[in-house]
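One structure is given here, and the rest of the page talks about it.
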Amino acid sequence: MAETNNFLPLMLDLSGRKIVIFGGGSVGERKAELFCGCADTVVVSLDFSERLRELEASGQVKLLRLDLSAAADSELNEIISGAFLVIPATSSSELNRKITDIAGESDILINQVDALGNVVIPSVIKRGDLVIGISTLGHSPAVSKYTRRQIEGVITPAYSDMIRLQDELRTYLKLHVKEQRKRKVLLWKVLESESVWNGFSESYEKAAEIAYSIISDNLG
């Protein structure tokens, strides 16, 4: 098992990657909802929650019905073959350890729900292209949840609009301002403008109008 001080947060492109989740209960459901929008997600269990069945009906996940307690190692090996990440999330710690051992023999990344494993899935906040991951490395789920609530109160949906606006302004400034340092100053003036942030509450167009006015005033 990896040492906790060796964990490093990364953003991964999971397009076309296979994620295999064992367990069709609430934990498996939560993991499937996290991954199904960005990876090929397979959930293996004898029974599935109503939400997982809904995800299958909409084509977001693939459900594989199997009595895991009676499954042979060869069956489990075949299921996880080619997987990027395996998540043992059954109600049996013994079965979870068995799946972990099998996946580990193939050097597949593992997120364990009852131990640390070699992949930690953080609590995630998304605001458009802004993605924030929060983790206590399993030491305190309560602190992780509390931190998420605190951040969600500060990082409003307007942050998504600001990212869009900053990207637009960067393109504009590259065409009109040669000096990179000057471009950086102008972008920060917009970013720190209370008027621009307030403008988003009316519309993106209003905030953009204020932002371009700030740039115009500082280019003269």
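Going by the structure tokens order, chains are called A, B, ..., each with residues numbered from 1, while ligands are numbered from 1 in the order shown.
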
As a PDB file with C-alpha atoms, in the first residue's frame, please: the residues near region 124-139 of chain A (cut-off 7 Å, only C-alpha atoms, same-chain neighbours under 3 positions excluded).
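part-v6.pdb was written with the following content:
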ATOM      1  CA  LEU A 116      -6.785   3.531   1.751  1.00  0.00           C
ATOM      2  CA  VAL A 120      -8.101   8.100  -3.256  1.00  0.00           C
ATOM      3  CA  SER A 144     -13.920  16.412   4.034  1.00  0.00           C
ATOM      4  CA  ARG A 148     -16.804  20.877   0.820  1.00  0.00           C
ATOM      5  CA  PRO A 157     -21.666  29.280 -10.166  1.00  0.00           C
ATOM      6  CA  TYR A 159     -16.844  31.194 -11.094  1.00  0.00           C
ATOM      7  CA  SER A 160     -17.738  29.166 -14.169  1.00  0.00           C
TER       8      SER A 160
END

If you run DSSP on this backbone, which residues of region 14-114 of chain A come out as strand (DSSP E), and could you give them as a list in words?
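Matching residues, listed in order: Lys18, Ile19, Val20, Ile21, Phe22, Asp40, Thr41, Val42, Val43, Val44, Ser45, Lys62, Leu63, Leu64, Arg65, Leu85, Val86, Ile87, Pro88, Leu109 and Ile110 of chain A.
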
Shortest contact to Glu194 (chain A), candidates A:Asn118, A:Ala211, A:Arg164, A:Leu46, atoms counted only C-alpha atoms, goes to A:Ala211

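Counting from CA of Asp161 (chain A), the distance to CA of Arg183 (chain A) is 19.4 Å.
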
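Straight-line separation from CA of Gly153 (chain A) to CA of Asn198 (chain A): 16.2 Å.
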